[in-house]
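Here is the structure we will look at, set down as structure tokens.
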Amino acid sequence: MRIGVLEILEARAAPSVTMRLYTAALTRQYVSITPQAVSVWCRQLGHDTFYATYYGQADPKSLLPDDLDVVFLSSYTRASPLAYALAKLYRKEGTVTVIGGPHAAAFPQDCLRFFDVVVLQCDRALIEEILRDRPRGQIVTSGRRLLELPSVEERMPELEATVLWRGHTYPATAIPLLASVGCPYSCDFCIDWNRPHSLLPLDRLEADLRFISKRFPRAKIGFHDPNFAVKFDQVMDVLEQRPPGSRNPYLMECSLSLLRESRLARLRDTNCWYVAPGVESWTNYSQKSGVSVRAGGRRKLDEVVQHFELIRGYVPGIQANLIFGLDGDQGSAPIELTKEFMRRAPFVWPAMNIPVPFGGTPLFSQYRAEGRILENMPFGFYLAPYLVLVLKHYNPLEYYSQLIDLFSFWSSPRRLAKRVRAASGPTFRVGTALHQIDWRTTLGEFRRIRDLLATDRQFRAFHEGESDMLPAFYSDRYDRLLGKYAPLLSTDDRRPVLQPPVEREPRVLLNPQPLSPVTRG
């Protein structure tokens with residue numbers, strides 16, 4: 001068969017020229033591993049396989065051939081409208097449509113309106129069954145933890161189509177890798193809250209590191225683990241098997257509690273280049289931040305700043321993941337603490353997030369039970385700068401005013417100059433400038449929304465949960481998001497189906513047929 005695999009990284013069907021520069025340099029590096037694995041498995045099973053990622057570089061439909069038997073799409077919730085539009089086009093061509101990835105796992109019932117098959121958990125055996133049976137109208141899952149993925153060498157055709165430039169690395173290249181899956185924490189906003197942590201085979205990790213070191217000695221490695229090095233000593237032992245002069249720099253995300261001082265030297269010696277710990281909130285989630293028990297407010301801020309200053313002596317690049325608008329946030333205190341954090345730690349890049357009720361999380365269940373989700377808000381707005389729920393302690397006008405204050409502070413020329421001076425080398429200085437584009441764009445949208453909240457009664461009523469009528473502002477934004485694909489999705493198509501996954505039990509692959517022989521080459 002002729003199989004297509006497309007990962008959608010960019011939500012806009014036609015980004016502006018400025019944003020295309022940003023997406024070409026950075027967004028394409030956010031490519032996921034599982035879509036690449038699906039492509040490899042299809043190729044190994046003997047099918048003609050075509051793989052691509054969409055990051056804003058061309059018409060997304062043009063990235064794959066038209067005459068496909070089956071197409072696999074992967075998408076974040078923010079980009080799901082584009083995935084839905086493409087699915088409609090492929091269905092018209094008689095192609096079996098399959099969706100997996102974060103959005104499918106969060107909102108499978110909604111996906112089933114547009115796709116023949118919705119995949120929750122995936123492995124090679126499940127992919128073979130889908131290709132063999134070509135089911136329709138089903139939510140399916142492997143029912144097993146993912147225990148093995150194709151090697152980096154097996155994924156070379158997919159890497160050449162994404163993170164490489166004409167077969168070579170460039171400064172932003174980050175080769176995606178996984179050492180583990182799942183997470184030991186149960187943060188109520190996270191899609192991994194109930195996925196137990198487990199290591200993938202360490203011999204495969206060692207082989208992948210050896211291959212990358214020999215083939216791409218200057219490339220960075222991007223570990224996609226939800227929480228890297230939970231089994232710290234075991235993972236570090238593998239990384240240390242590479243000779244000191246042939247250890248690729250790597251990026252990873254982890255909890256701050258894992259980055260104890262006794263471990264930082266091993267991170268430095270294995271060439272850890274960038275860490276992205278989760279601080280989340282100044283009032284909650286202190287356990288994973290590694291601060292004193294029940295520490296919050298200024299005490300947590302002091303301990304976190306001290307910890308980041310310690311990390312800075314070992315790792316050049318640091319990001320802090322923060323969320324503003326959780327139920328523990330009240331008044332201006334969270335914003336003022338974040339601004340102080342920015343002043344005291346200009347060498348840390350803060351990733352400021354708005355709470356989003358992704359399906360399958362305890363936060364989603366709580367918000368929906370309390371009637372706080374704006375149920376008519378299309379999925380295309382499930383990401384900052386858009387608010388898709390009613391907050392507990394802020395009215396929407398106050399909330400956006402607080403965000404504008406924070407983003408104006410952080411993106412001011414004075415703060416930018418301080419961040420550039422604090423950056424560890426030219427690569428981080430360039431990255432700071434590129435991220436500035438994103439922050440300024442987000443700030444502009446915050447201001448437009450704040451102005452509408454202040455002047456448009458119907459717009460404000462929608463955001464306060466008093467009206468179900470979607471404001472014209474969002475309909476217009478949705479049309480601009482999809483461009484020429486907008487007519488494919490009706491008003492009903494744009495209204496989400498928020499039924500939780502448990503309302504329709506997925507089909508579980510219990511007795512798979514023997515796998516076909518692996519075809520290499």
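Order determines the names: the first chain of the structure tokens is A, the second B, and so forth; residues in each chain are numbered 1 upward, and ligands are numbered 1 upward as they are shown.
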_Among segment 290-456 of chain A, which ones does DSSP assign to alpha helix (DSSP H) (computed from the backbone)? Answer as a PyMOL selection string._
chain A and resi 297-312+333-344+362-369+396-410+413-422+426-455
*asked:* Set the distance at 9 Å and use only C-alpha atoms: which residues neighbour segment 27-33 of chain A once local chain neighbours fewer than 3 positions away are removed? I'd like the list as a ChimeraX atom specification.
replied: /A:7-10,22-24,36-38,53-56,74,101,149,162-163,172-178,222,224
Restrict the selected residues to N, CA and C atoms and save them as an mmCIF file, in the first residue's frame.
```
data_model
loop_
_atom_site.group_PDB
_atom_site.id
_atom_site.type_symbol
_atom_site.label_atom_id
_atom_site.label_comp_id
_atom_site.auth_asym_id
_atom_site.auth_seq_id
_atom_site.Cartn_x
_atom_site.Cartn_y
_atom_site.Cartn_z
ATOM 1 N N GLU A 7 3.051 14.874 10.425
ATOM 2 C CA GLU A 7 2.930 15.508 11.738
ATOM 3 C C GLU A 7 2.723 17.006 11.531
ATOM 4 N N ILE A 8 1.720 17.563 12.205
ATOM 5 C CA ILE A 8 1.380 18.976 12.071
ATOM 6 C C ILE A 8 1.917 19.722 13.290
ATOM 7 N N LEU A 9 2.953 20.509 13.077
ATOM 8 C CA LEU A 9 3.581 21.265 14.151
ATOM 9 C C LEU A 9 3.109 22.712 14.205
ATOM 10 N N GLU A 10 2.623 23.238 13.087
ATOM 11 C CA GLU A 10 2.203 24.634 12.984
ATOM 12 C C GLU A 10 0.696 24.683 12.764
ATOM 13 N N TYR A 22 10.786 32.107 11.843
ATOM 14 C CA TYR A 22 10.825 31.526 13.184
ATOM 15 C C TYR A 22 10.556 30.022 13.134
ATOM 16 N N THR A 23 9.503 29.624 12.384
ATOM 17 C CA THR A 23 9.147 28.202 12.349
ATOM 18 C C THR A 23 10.198 27.371 11.618
ATOM 19 N N ALA A 24 10.805 27.957 10.581
ATOM 20 C CA ALA A 24 11.837 27.223 9.843
ATOM 21 C C ALA A 24 13.054 26.967 10.717
ATOM 22 N N GLN A 36 7.550 9.464 13.525
ATOM 23 C CA GLN A 36 8.691 8.895 12.810
ATOM 24 C C GLN A 36 8.721 7.383 12.969
ATOM 25 N N ALA A 37 8.398 6.905 14.159
ATOM 26 C CA ALA A 37 8.368 5.456 14.385
ATOM 27 C C ALA A 37 7.298 4.797 13.516
ATOM 28 N N VAL A 38 6.123 5.429 13.416
ATOM 29 C CA VAL A 38 5.063 4.883 12.566
ATOM 30 C C VAL A 38 5.542 4.778 11.123
ATOM 31 N N THR A 53 6.687 16.568 7.886
ATOM 32 C CA THR A 53 6.155 17.398 8.965
ATOM 33 C C THR A 53 5.775 18.744 8.375
ATOM 34 N N TYR A 54 4.717 19.324 8.918
ATOM 35 C CA TYR A 54 4.309 20.656 8.485
ATOM 36 C C TYR A 54 4.664 21.648 9.581
ATOM 37 N N TYR A 55 5.524 22.609 9.250
ATOM 38 C CA TYR A 55 5.894 23.654 10.203
ATOM 39 C C TYR A 55 5.699 25.043 9.593
ATOM 40 N N GLY A 56 4.877 25.125 8.549
ATOM 41 C CA GLY A 56 4.583 26.407 7.926
ATOM 42 C C GLY A 56 5.326 26.666 6.646
ATOM 43 N N SER A 74 -0.650 13.333 12.964
ATOM 44 C CA SER A 74 -0.410 13.590 14.378
ATOM 45 C C SER A 74 -0.494 15.087 14.597
ATOM 46 N N GLY A 101 -1.336 10.935 18.544
ATOM 47 C CA GLY A 101 -0.645 12.074 19.120
ATOM 48 C C GLY A 101 -1.409 12.700 20.272
ATOM 49 N N LEU A 149 11.309 1.448 20.423
ATOM 50 C CA LEU A 149 11.130 2.342 19.290
ATOM 51 C C LEU A 149 12.231 2.092 18.267
ATOM 52 N N THR A 162 13.324 16.394 8.332
ATOM 53 C CA THR A 162 12.867 17.321 9.372
ATOM 54 C C THR A 162 14.014 18.137 9.953
ATOM 55 N N VAL A 163 14.755 17.563 10.898
ATOM 56 C CA VAL A 163 15.691 18.357 11.689
ATOM 57 C C VAL A 163 17.007 18.629 10.972
ATOM 58 N N ALA A 172 20.580 24.941 14.954
ATOM 59 C CA ALA A 172 19.374 24.645 15.729
ATOM 60 C C ALA A 172 19.011 23.168 15.757
ATOM 61 N N THR A 173 19.738 22.335 15.029
ATOM 62 C CA THR A 173 19.381 20.915 14.935
ATOM 63 C C THR A 173 19.405 20.235 16.300
ATOM 64 N N ALA A 174 18.305 19.533 16.596
ATOM 65 C CA ALA A 174 18.220 18.720 17.813
ATOM 66 C C ALA A 174 17.610 17.376 17.423
ATOM 67 N N ILE A 175 18.407 16.335 17.472
ATOM 68 C CA ILE A 175 17.935 15.002 17.082
ATOM 69 C C ILE A 175 17.086 14.424 18.214
ATOM 70 N N PRO A 176 15.811 14.097 17.946
ATOM 71 C CA PRO A 176 14.922 13.650 19.020
ATOM 72 C C PRO A 176 15.238 12.231 19.489
ATOM 73 N N LEU A 177 15.187 12.055 20.808
ATOM 74 C CA LEU A 177 15.530 10.770 21.417
ATOM 75 C C LEU A 177 14.687 10.585 22.670
ATOM 76 N N LEU A 178 14.421 9.339 23.014
ATOM 77 C CA LEU A 178 13.695 9.001 24.241
ATOM 78 C C LEU A 178 14.508 8.010 25.056
ATOM 79 N N GLY A 222 17.856 16.162 21.557
ATOM 80 C CA GLY A 222 16.709 16.622 22.326
ATOM 81 C C GLY A 222 15.975 15.444 22.939
ATOM 82 N N HIS A 224 13.044 13.718 24.626
ATOM 83 C CA HIS A 224 11.615 14.001 24.694
ATOM 84 C C HIS A 224 10.949 13.354 25.899
#
```
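For the set A:Trp282, A:Tyr478, A:Trp439, A:Tyr250, the residue with the smallest atom-to-atom gap to Thr270 of chain A is A:Tyr250, counting only C-alpha atoms.
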*Contacts of Gly483 of chain A at 9 Å (only C-alpha atoms; same-chain gap of 3+ positions) as a ChimeraX atom specification*: /A:12-14,478-480,486-487
*asked:* Env of Gln499 of chain A: 8 Å cut, atoms = only C-alpha atoms, seq-sep filter 5 positions within chain, self excluded. Answer as a PyMOL selection string.
replied: chain A and resi 107+109-110
Residue subset to file, keeping N, CA, C and O atoms, as a short mmCIF file (atom, residue, chain, number, x, y, z; two decimals), in the first residue's frame:
```cif
data_model
loop_
_atom_site.label_atom_id
_atom_site.label_comp_id
_atom_site.auth_asym_id
_atom_site.auth_seq_id
_atom_site.Cartn_x
_atom_site.Cartn_y
_atom_site.Cartn_z
N PHE A 107 -8.77 14.15 23.21
CA PHE A 107 -10.15 14.33 22.77
C PHE A 107 -10.49 13.34 21.65
O PHE A 107 -10.79 13.72 20.53
N GLN A 109 -13.12 11.44 21.13
CA GLN A 109 -14.49 11.49 20.62
C GLN A 109 -14.63 12.57 19.55
O GLN A 109 -15.32 12.37 18.54
N ASP A 110 -14.00 13.70 19.76
CA ASP A 110 -14.06 14.76 18.77
C ASP A 110 -13.34 14.34 17.49
O ASP A 110 -13.83 14.58 16.38
#
```
*Counting only C-alpha atoms, figure out which residue out of A:Ala369, A:Leu301, A:Cys122, A:Ile354 gets nearest to Phe341 of chain A.*
A:Leu301
*May I have all residues of segment 321-390 of chain A that DSSP, computed from the backbone, assigns to strand (DSSP E or B), given as number ranges by chain?*
A: 321-323, 348-353, 373, 389
Save out the residues we just selected, C-alpha atoms, as a short mmCIF file (atom, residue, chain, number, x, y, z; two decimals), in the first residue's frame.
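This is the output file selection39.cif:
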```cif
data_model
loop_
_atom_site.label_atom_id
_atom_site.label_comp_id
_atom_site.auth_asym_id
_atom_site.auth_seq_id
_atom_site.Cartn_x
_atom_site.Cartn_y
_atom_site.Cartn_z
CA ASN A 321 8.09 26.36 33.02
CA LEU A 322 5.42 28.46 34.77
CA ILE A 323 1.61 28.55 34.76
CA VAL A 348 16.64 31.76 32.88
CA TRP A 349 14.15 31.70 30.00
CA PRO A 350 10.62 31.63 31.52
CA ALA A 351 7.99 29.72 29.53
CA MET A 352 4.75 31.31 30.77
CA ASN A 353 1.67 29.18 30.21
CA ILE A 373 -14.90 25.30 30.42
CA LEU A 389 -12.08 28.55 30.82
#
```
*Hey, what's within 12 Å of Ala265 of chain A if we count only C-alpha atoms and toss same-chain stuff fewer than 3 positions away? As a PyMOL selection string, please?*
chain A and resi 236+240+259-262+268-272+310-315
*asked:* Just checking: using only C-alpha atoms, which residue out of A:Thr141, A:Asn395, A:Ser490, A:Ser411 ends up closest to Glu464 of chain A?
replied: A:Asn395
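Atom CA of Val71 of chain A sits 24.3 Å away from atom CA of Asp492 of chain A.
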*What gap, in Å, lies between atom CA of Gly380 of chain A and atom CA of Pro108 of chain A?*
15.7 Å
